[in-house]
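Novice: Below is a structure I'd like to ask you about.
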Amino acid sequence: MGLLKIEGVHKHFPIHGGVFLREQGRASVINDISLEINEGEILGIVGESGCGKSTLARLIMRIYEPSQGKIYFGENPIQSFSRKEYFHQVQMVFQDPFSSLNPKMTVDALLTEMLRLHQPSVNIQQTKMKLLEEVGLASNALKKYPHEFSGGQRQRIAIAKALSAQPTLLIADEPVSALDVSIQAQILNLLKDLQQRHQLSLLFISHDLEVVNYFCDRILVMYLGKIVEELPHQNLHTQAQHPYTEALLRSIPHLDKKADGLQILAGEIPSPLNLPPGCGFYSRCQYRQELCHQEVPPLVKKSSEHQVACFQRT
């Protein structure tokens, strides 16, 4: 059953310049995206930096408003909820935990503030202790400030802060990319455990294909603000068909692969200020044909769980 639904969403940012800072153009960052996050699933979104992953997360979090299209939580548009009601259901864990934690507040104050807002009837002291236990931190963490923790510990605090609202949907935007490799596995296992324990839906955003392939139930591949492929759980290496997804997989370094054996994409990424009329991947695709330059390929079902937006692969 669908928990959150996105229908035909676009997001454009005005570009201002000149002496009077007049609008000189618009950057199209999200271009006609439709997707659904089901109850209790982990949906992964992967793509290069700048493809629109984080912008999409911020649209869901109501940090930005869509230029076009609708976002529904359950059966209602997200704008129909007050911000308090909405953020009781939807929370986000950011890439840099230090920037999302108030440096002037102790962990005790951070969690107390969230609990008073979202769970005013609970025993706040007991709930704080339970939250710390769930994320693997000792009780003496309450007395400390964010700067007194390591990066992995700060991310655990950010997760505890998000859980204090008792959300049904948790958005994790590159939650482990700023952490050491040894700590990344710990945080991923923690998120997986919490997702199952609390029956959360999780939107997991990353540029790491191996992590997404291992961690997520369903994978969406984004390029230039559009979804170009959807794949089922752990089938990224065996079923990927879009030329962009294939190129991402070929660029992953392995111990048995020499550096000069990595295949790097040629061509330039189109500017979001001047999107091409057809497929956004046209300038970098080795399989391109004239039709690709003229028309935008739609997402076409290859199976019940696999969709590809490519004229050559449908």
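Please note that chains go A, B, ... in the order of the structure tokens, that every chain numbers its residues from 1, and that ligands are numbered from 1 in the order shown.
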Just want the 12 Å neighbourhood of Lys104 of chain A, counted on only C-alpha atoms, with same-chain residues fewer than 3 positions away dropped. Output as a list in words.

Specialist: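 Residues near the query, excluding close chain neighbours: Phe98, Ser99, Ser100, Leu101, Val107, Asp108, Ala109, Leu110, Lys144, Tyr145, Pro146, His147 and Glu148 of chain A.
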
Novice: Residues of segment 136-242 of chain A classed as alpha helix (DSSP H) by DSSP on the backbone are to be reported as a ChimeraX atom specification.

Specialist: /A:151-163,181-197,209-215,236-239

Novice: Using only C-alpha atoms, which of A:Gly2, A:Pro167, A:Gly44, A:Pro175 sits nearest Gln95 of chain A?

Specialist: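 Of the candidates, the smallest distance to Gln95 of chain A is held by A:Pro175.
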
Novice: Just the residues within 12 Å of Ser303 of chain A, please, counting only C-alpha atoms, with nothing from its chain fewer than 6 positions along; format it as an MDAnalysis selection string.

Specialist: chainID A and resid 230:232 239 314

Novice: Contacts of Ser283 of chain A at 10 Å or less, counting only C-alpha atoms, minus same-chain residues fewer than 6 places along, as a list in words?

Specialist: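 These residues fall inside the cut-off: Ala266, Gly267, Glu268, Ile269, Pro270, Pro276, Cys292 and His293 of chain A.
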
Novice: Quick check, in Å to one decimal: how far apart do atom CA of Cys285 of chain A and atom CA of Ala247 of chain A lie?

Specialist: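 If I compute the distance from atom CA of Cys285 of chain A to atom CA of Ala247 of chain A, I get 9.3 Å.
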
Novice: If you run DSSP over the backbone, which residues in segment 20-134 of chain A end up strand (DSSP E or B)? Put them as an MDAnalysis selection string.

Specialist: chainID A and resid 22:38 42:46 68:73 76:77 90:93

Novice: I'd like the contact shell of His242 of chain A - 12 Å cut-off, only C-alpha atoms, skipping same-chain residues fewer than 4 positions apart - returned as a ChimeraX atom specification.

Specialist: /A:220-223,227-231,236-237,246-249,279,281-282,285-288,297,299-300,302,306-314

Novice: Out of A:Val135, A:Asn102, A:Phe73, A:Gln24, which residue has the shortest atom-to-atom distance to Met61 of chain A when counting only C-alpha atoms?

Specialist: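 The closest residue to Met61 of chain A is A:Phe73.
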
Novice: Tell me which protein, DNA and RNA residues are within 9 Å of Cys51 of chain A, counting only C-alpha atoms, leaving out same-chain ones fewer than 6 positions away, and put them as a VMD selection string.

Specialist: chain A and resid 29 to 30 222 to 226

Novice: Could you turn the residues from that selection into a file that holds N, CA, C and O atoms, as a tab-separated table (two decimals), in the first residue's frame?

Specialist:
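Generated output (result.tsv):
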```tsv
chain	number	residue	atom	x	y	z
A	29	VAL	N	15.66	21.35	-12.13
A	29	VAL	CA	16.37	20.35	-11.32
A	29	VAL	C	15.59	19.05	-11.22
A	29	VAL	O	16.17	17.97	-11.22
A	30	ILE	N	14.28	19.13	-11.10
A	30	ILE	CA	13.41	17.96	-11.09
A	30	ILE	C	12.47	18.07	-12.28
A	30	ILE	O	11.78	19.08	-12.44
A	222	MET	N	18.35	7.91	-11.02
A	222	MET	CA	18.01	9.26	-11.49
A	222	MET	C	19.13	9.83	-12.35
A	222	MET	O	20.32	9.61	-12.08
A	223	TYR	N	18.72	10.56	-13.38
A	223	TYR	CA	19.67	11.29	-14.21
A	223	TYR	C	19.02	12.59	-14.67
A	223	TYR	O	17.91	12.58	-15.23
A	224	LEU	N	19.68	13.70	-14.40
A	224	LEU	CA	19.23	15.02	-14.83
A	224	LEU	C	17.78	15.29	-14.44
A	224	LEU	O	16.97	15.76	-15.23
A	225	GLY	N	17.44	14.94	-13.21
A	225	GLY	CA	16.11	15.26	-12.68
A	225	GLY	C	15.00	14.32	-13.09
A	225	GLY	O	13.83	14.62	-12.85
A	226	LYS	N	15.35	13.18	-13.73
A	226	LYS	CA	14.33	12.22	-14.15
A	226	LYS	C	14.70	10.82	-13.67
A	226	LYS	O	15.88	10.51	-13.49
```

Novice: Quick one: of A:Cys216, A:Gln68, A:Leu117, A:Arg156, who's nearest to Gly136 of chain A, counting only C-alpha atoms?

Specialist: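 Of A:Cys216, A:Gln68, A:Leu117, A:Arg156, the one nearest Gly136 of chain A is A:Arg156, counting only C-alpha atoms.
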
Novice: For the atom pair atom CA of Pro66 of chain A and atom CA of His88 of chain A, what is the interatomic distance in Å to one decimal place?

Specialist: 21.1 Å
